[in-house]
Amino acid sequence: MPGRSPETDSRAPWIEKVLPTNLGVIRASEREILALLAGLGYNDDHRFAVRLAFEEALVNAMKHGNRMDPRRSVRLAYRASEECVEIRVTDEGPGFRPNGVPDPTRDENLQRPCGRGIMLMRSYMDKVAYSPSGNEVLMVKYRDR
Amino acid sequence: MLGGDLAHVTDFQGIKLVRIRTEAIITDDQVEALGRALDSVAEVPAQRAVLSFLGVGHLTSQALGKLIQAHKALAETGGELRLADIDPRIYEVFSITRLDKVFKIYDREQDALASFSPGRGAEG
């Protein structure tokens with residue numbers, strides 16, 4: 001629900017989109033966010049972090065959430081200020097338990113080819129919070145941290 | 001040449017050298033193209049290979065997955081995939097995921113090539 005934001009004090013307007021489940025559409029929105037952040041003075045490291053987390057969240061929503069079902073959509077909402085950028089991604093899948101994903105950095109999981117997306121999101125963003133059902137994620141990155 | 005537009009595969013004294021020719025490995029097409037290039041390298045038993053990331057400024061966890069698959073496929077036949085020319089920000093991704101413990105990573109592709117032949121340098 002992009003209208004509220006208990007996580008930050010940002011008053012920047014939300015930009016909302018409904019994306020088809022098609023990995024090819026991710027980059028256009030990604031470019032828009034990165035351009036917005038560049039204009040607000042976010043440095044290269046911040047934009048690298050947001051780009052990585054944004055990609056992982058959208059790919060997760062389409063692949064694991066919507067199972068690449070073209071009848072399902074992904075809702076994207078984002079807003080940015082000189083303080084922080086917030087990105088909310090909601091899929092139409094059944095949800096999942098983020099804490100149930102095995103830690104990919106444990107020795108026994110290092111050779112697994114998947115399972116690193118959420119960990120990277122958490123590493124590169126200042127806040128990553130899932131809805132109770134697990135099909136919505138909110139990510140926050142502060143400019144001056 | 002193997003690997004299509006995204007990756008260029010050449011032979012360097014029996015070692016396969018894979019150079020990526022895109023700034024980012026993030027789309028499904030890019031990830032799959034990387035996978036195909038690495039699969040072609042792994043077809044040869046006991047193949048030794050170097051993957052150079054020169055010019056690559058971004059990748060996703062899916063691309064990391066392809067690297068791991070190639071690493072495992074090569075290792076199963078006694079081969080090995082070594083990495084080189086990794087941008088500091090990308091290196092941090094390897095470090096965070098602890099994949100720097102899985103792969104041998106070198107500053108330059110010449111160093112990685114030479115590492116397969118101790119005592120004999122590799123020319124660029």
# chains A, B, ... in the order shown; residues from 1 in each chain; ligands from 1
>>> interface_residues(of="chain A", to="chain B", cutoff="12 Å", atoms="only C-alpha atoms", output="MDAnalysis selection string")
chainID A and resid 22:28 30 44:60 62:63 103:124
>>> write_last_selection(atoms="C-alpha atoms", output="PDB file, in the first residue's frame")
ATOM      1  CA  ASN A  22       8.163 -10.391 -18.098  1.00  0.00           C
ATOM      2  CA  LEU A  23      11.801 -10.084 -17.096  1.00  0.00           C
ATOM      3  CA  GLY A  24      12.416  -7.904 -20.111  1.00  0.00           C
ATOM      4  CA  VAL A  25      10.476  -4.992 -18.616  1.00  0.00           C
ATOM      5  CA  ILE A  26      12.604  -4.662 -15.506  1.00  0.00           C
ATOM      6  CA  ARG A  27      15.350  -2.557 -16.999  1.00  0.00           C
ATOM      7  CA  ALA A  28      13.134   0.330 -18.057  1.00  0.00           C
ATOM      8  CA  GLU A  30      15.454   0.312 -13.196  1.00  0.00           C
ATOM      9  CA  ASP A  44      27.847   5.284  -7.506  1.00  0.00           C
ATOM     10  CA  ASP A  45      27.982   2.896  -4.555  1.00  0.00           C
ATOM     11  CA  HIS A  46      24.408   3.703  -3.560  1.00  0.00           C
ATOM     12  CA  ARG A  47      23.161   3.280  -7.105  1.00  0.00           C
ATOM     13  CA  PHE A  48      25.037  -0.016  -7.472  1.00  0.00           C
ATOM     14  CA  ALA A  49      23.372  -1.233  -4.291  1.00  0.00           C
ATOM     15  CA  VAL A  50      19.890  -0.129  -5.317  1.00  0.00           C
ATOM     16  CA  ARG A  51      20.306  -1.568  -8.799  1.00  0.00           C
ATOM     17  CA  LEU A  52      21.340  -4.924  -7.412  1.00  0.00           C
ATOM     18  CA  ALA A  53      18.546  -5.095  -4.839  1.00  0.00           C
ATOM     19  CA  PHE A  54      15.963  -3.855  -7.335  1.00  0.00           C
ATOM     20  CA  GLU A  55      16.940  -6.539  -9.854  1.00  0.00           C
ATOM     21  CA  GLU A  56      16.852  -9.278  -7.240  1.00  0.00           C
ATOM     22  CA  ALA A  57      13.471  -8.200  -5.884  1.00  0.00           C
ATOM     23  CA  LEU A  58      11.833  -7.964  -9.303  1.00  0.00           C
ATOM     24  CA  VAL A  59      13.295 -11.251 -10.528  1.00  0.00           C
ATOM     25  CA  ASN A  60      12.174 -12.955  -7.322  1.00  0.00           C
ATOM     26  CA  MET A  62       8.307 -12.681 -11.279  1.00  0.00           C
ATOM     27  CA  LYS A  63      10.122 -16.014 -11.094  1.00  0.00           C
ATOM     28  CA  ASP A 103      21.729 -19.288   4.499  1.00  0.00           C
ATOM     29  CA  PRO A 104      23.741 -19.378   1.247  1.00  0.00           C
ATOM     30  CA  THR A 105      26.973 -18.538   3.056  1.00  0.00           C
ATOM     31  CA  ARG A 106      27.018 -21.691   5.149  1.00  0.00           C
ATOM     32  CA  ASP A 107      29.677 -24.111   3.983  1.00  0.00           C
ATOM     33  CA  GLU A 108      27.141 -26.747   2.985  1.00  0.00           C
ATOM     34  CA  ASN A 109      25.267 -24.230   0.773  1.00  0.00           C
ATOM     35  CA  LEU A 110      28.177 -22.500  -0.947  1.00  0.00           C
ATOM     36  CA  GLN A 111      27.941 -24.694  -4.037  1.00  0.00           C
ATOM     37  CA  ARG A 112      24.201 -24.250  -4.455  1.00  0.00           C
ATOM     38  CA  PRO A 113      23.497 -22.280  -7.625  1.00  0.00           C
ATOM     39  CA  CYS A 114      20.575 -20.313  -6.185  1.00  0.00           C
ATOM     40  CA  GLY A 115      19.344 -18.726  -2.961  1.00  0.00           C
ATOM     41  CA  ARG A 116      21.530 -15.607  -2.808  1.00  0.00           C
ATOM     42  CA  GLY A 117      19.069 -12.942  -3.946  1.00  0.00           C
ATOM     43  CA  ILE A 118      17.446 -12.149  -0.604  1.00  0.00           C
ATOM     44  CA  MET A 119      20.771 -12.175   1.148  1.00  0.00           C
ATOM     45  CA  LEU A 120      22.171  -9.655  -1.326  1.00  0.00           C
ATOM     46  CA  MET A 121      19.108  -7.450  -0.921  1.00  0.00           C
ATOM     47  CA  ARG A 122      19.594  -7.466   2.836  1.00  0.00           C
ATOM     48  CA  SER A 123      23.310  -6.799   2.502  1.00  0.00           C
ATOM     49  CA  TYR A 124      23.001  -3.842   0.182  1.00  0.00           C
TER      50      TYR A 124
END
>>> select_by_dssp(residues="chain A", states="helix (DSSP H, G or I)", output="MDAnalysis selection string")
chainID A and resid 23:39 44:65 98:100 107:109 117:124
>>> closest_residue(among="A:Ser10, A:Gly41, A:Asp144, A:Pro20", to="Pro70 in chain A", atoms="only C-alpha atoms")
A:Pro20
>>> select_by_dssp(residues="range 33-96 of chain B", states="strand (DSSP E or B)", output="list in words")
Arg48, Ala49, Val50, Leu51, Ser52, His58, Leu59, Glu80, Leu81, Arg82, Leu83 and Ala84 of chain B
>>> write_last_selection(atoms="N, CA and C atoms", output="PDB file, in the first residue's frame")
ATOM      1  N   ARG B  48      40.736 -26.518 -18.055  1.00  0.00           N
ATOM      2  CA  ARG B  48      41.090 -25.395 -17.192  1.00  0.00           C
ATOM      3  C   ARG B  48      40.610 -24.126 -17.881  1.00  0.00           C
ATOM      4  N   ALA B  49      40.019 -23.228 -17.126  1.00  0.00           N
ATOM      5  CA  ALA B  49      39.415 -22.048 -17.748  1.00  0.00           C
ATOM      6  C   ALA B  49      39.564 -20.823 -16.861  1.00  0.00           C
ATOM      7  N   VAL B  50      39.647 -19.681 -17.541  1.00  0.00           N
ATOM      8  CA  VAL B  50      39.694 -18.389 -16.858  1.00  0.00           C
ATOM      9  C   VAL B  50      38.541 -17.546 -17.381  1.00  0.00           C
ATOM     10  N   LEU B  51      37.805 -16.959 -16.466  1.00  0.00           N
ATOM     11  CA  LEU B  51      36.728 -16.051 -16.846  1.00  0.00           C
ATOM     12  C   LEU B  51      37.122 -14.643 -16.431  1.00  0.00           C
ATOM     13  N   SER B  52      37.262 -13.771 -17.443  1.00  0.00           N
ATOM     14  CA  SER B  52      37.639 -12.390 -17.168  1.00  0.00           C
ATOM     15  C   SER B  52      36.402 -11.506 -17.114  1.00  0.00           C
ATOM     16  N   HIS B  58      28.216  -4.924 -13.339  1.00  0.00           N
ATOM     17  CA  HIS B  58      27.014  -5.336 -12.614  1.00  0.00           C
ATOM     18  C   HIS B  58      26.649  -6.775 -12.956  1.00  0.00           C
ATOM     19  N   LEU B  59      26.195  -7.504 -11.966  1.00  0.00           N
ATOM     20  CA  LEU B  59      25.642  -8.842 -12.205  1.00  0.00           C
ATOM     21  C   LEU B  59      24.639  -9.165 -11.108  1.00  0.00           C
ATOM     22  N   GLU B  80      38.943 -26.809 -13.810  1.00  0.00           N
ATOM     23  CA  GLU B  80      38.762 -25.726 -12.843  1.00  0.00           C
ATOM     24  C   GLU B  80      38.477 -24.412 -13.555  1.00  0.00           C
ATOM     25  N   LEU B  81      37.632 -23.605 -12.925  1.00  0.00           N
ATOM     26  CA  LEU B  81      37.330 -22.254 -13.420  1.00  0.00           C
ATOM     27  C   LEU B  81      37.939 -21.247 -12.452  1.00  0.00           C
ATOM     28  N   ARG B  82      38.790 -20.367 -12.974  1.00  0.00           N
ATOM     29  CA  ARG B  82      39.359 -19.298 -12.156  1.00  0.00           C
ATOM     30  C   ARG B  82      38.888 -17.958 -12.709  1.00  0.00           C
ATOM     31  N   LEU B  83      38.824 -16.967 -11.849  1.00  0.00           N
ATOM     32  CA  LEU B  83      38.243 -15.674 -12.213  1.00  0.00           C
ATOM     33  C   LEU B  83      39.293 -14.572 -12.162  1.00  0.00           C
ATOM     34  N   ALA B  84      39.056 -13.519 -12.945  1.00  0.00           N
ATOM     35  CA  ALA B  84      40.026 -12.418 -12.975  1.00  0.00           C
ATOM     36  C   ALA B  84      39.342 -11.112 -13.359  1.00  0.00           C
TER      37      ALA B  84
END
>>> atom_distance(atom1="CA of Leu74 in chain B", atom2="CA of Ala42 in chain B")
5.3 Å
>>> residues_around(residues="range 3-12 of chain B", least_positions_apart="3", cutoff="9 Å", atoms="only C-alpha atoms", output="MDAnalysis selection string")
chainID B and resid 15:22 25 30 33:38 40:41 113 122
>>> closest_residue(among="B:Ala75, B:Glu92, B:Glu23, B:Leu54", to="Asp107 in chain B", atoms="only C-alpha atoms")
B:Leu54
>>> atom_distance(atom1="CA of Glu109 in chain B", atom2="CA of Gly55 in chain B")
12.4 Å
>>> residues_around(residues="Ile87 in chain A", least_positions_apart="6", cutoff="9 Å", atoms="only C-alpha atoms", output="list of chain:residue names")
A:Phe54, A:Leu76, A:Ala77, A:Tyr78, A:Arg79, A:Ala80, A:Val137, A:Leu138, A:Met139, A:Val140, A:Lys141
>>> write_last_selection(atoms="C-alpha atoms", output="short mmCIF file (atom, residue, chain, number, x, y, z; two decimals), in the first residue's frame")
data_model
loop_
_atom_site.label_atom_id
_atom_site.label_comp_id
_atom_site.auth_asym_id
_atom_site.auth_seq_id
_atom_site.Cartn_x
_atom_site.Cartn_y
_atom_site.Cartn_z
CA PHE A 54 15.96 -3.86 -7.33
CA LEU A 76 6.03 -1.68 -8.16
CA ALA A 77 6.03 1.48 -6.07
CA TYR A 78 9.01 3.66 -5.33
CA ARG A 79 9.88 7.10 -4.11
CA ALA A 80 13.09 8.90 -3.41
CA VAL A 137 8.85 -6.59 0.12
CA LEU A 138 9.79 -3.06 1.12
CA MET A 139 13.38 -1.97 0.76
CA VAL A 140 14.92 1.26 2.04
CA LYS A 141 18.32 2.76 1.28
#
>>> atom_distance(atom1="CA of Thr21 in chain A", atom2="CA of His64 in chain A")
11.0 Å
